[in-house]
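Heads up, the thing below is written out as structure tokens.
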Amino acid sequence: MVRELRTLVITEERHPNEQDILDAWEFAINKHCYLELKWFVPHYGWKTWFIDTEKNTLEELFKNLHIIKD
């Protein structure tokens with residue numbers, strides 16, 4: 001099976017928040033695509049998450065969100 005890969009970029013220089021994750025998740029579901037969520041952190045560079053709504057769960061993404069902020 002082939003699915004499209006789309007990229008969403010957080011425009012501010014910051015880590016994603018819960019609303020960003022929820023928006024990305026809903027986008028991937030509505031467009032039935034894989035999603036690459038990118039953001040830029042000063043002094044660390046670009047960070048990327050690959051979101052597959054068939055393999056990831058929202059709970060898992062929220063848990064990982066708290067890990068990157070700690």
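Residue names in the structure tokens use chain letters A, B, ... in the order shown, residue numbers from 1 in each chain, and ligand numbers from 1 in the order shown.
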
Practice item. Apply DSSP to the backbone of this structure and, from chain A, keep only the residues in alpha helix (DSSP H); write these as a list in words. Key: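 Listing alpha helix (DSSP H) positions across chain A yields Glu18, Gln19, Asp20, Ile21, Leu22, Asp23, Ala24, Trp25, Glu26, Phe27, Ala28, Ile29, Asn30, Lys31, Leu58, Glu59, Glu60, Leu61, Phe62, Lys63, Asn64, Leu65, His66, Ile67, Ile68 and Lys69 of chain A.
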
**Study point:** Spatial neighbours of Asp52 (chain A), 12 Å, only C-alpha atoms, chain gap at least 6 places, as a PyMOL selection string
**Key:** chain A and resi 3-6+24-29+31-37+58+60-61

Point to revise | Selected residue of minimal separation from Gln19 (chain A) among A:Trp46, A:Phe62, A:Val2, A:Lys38, counting only C-alpha atoms | key: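 Looking at the shortest contact to Gln19 (chain A), the residue is A:Phe62.
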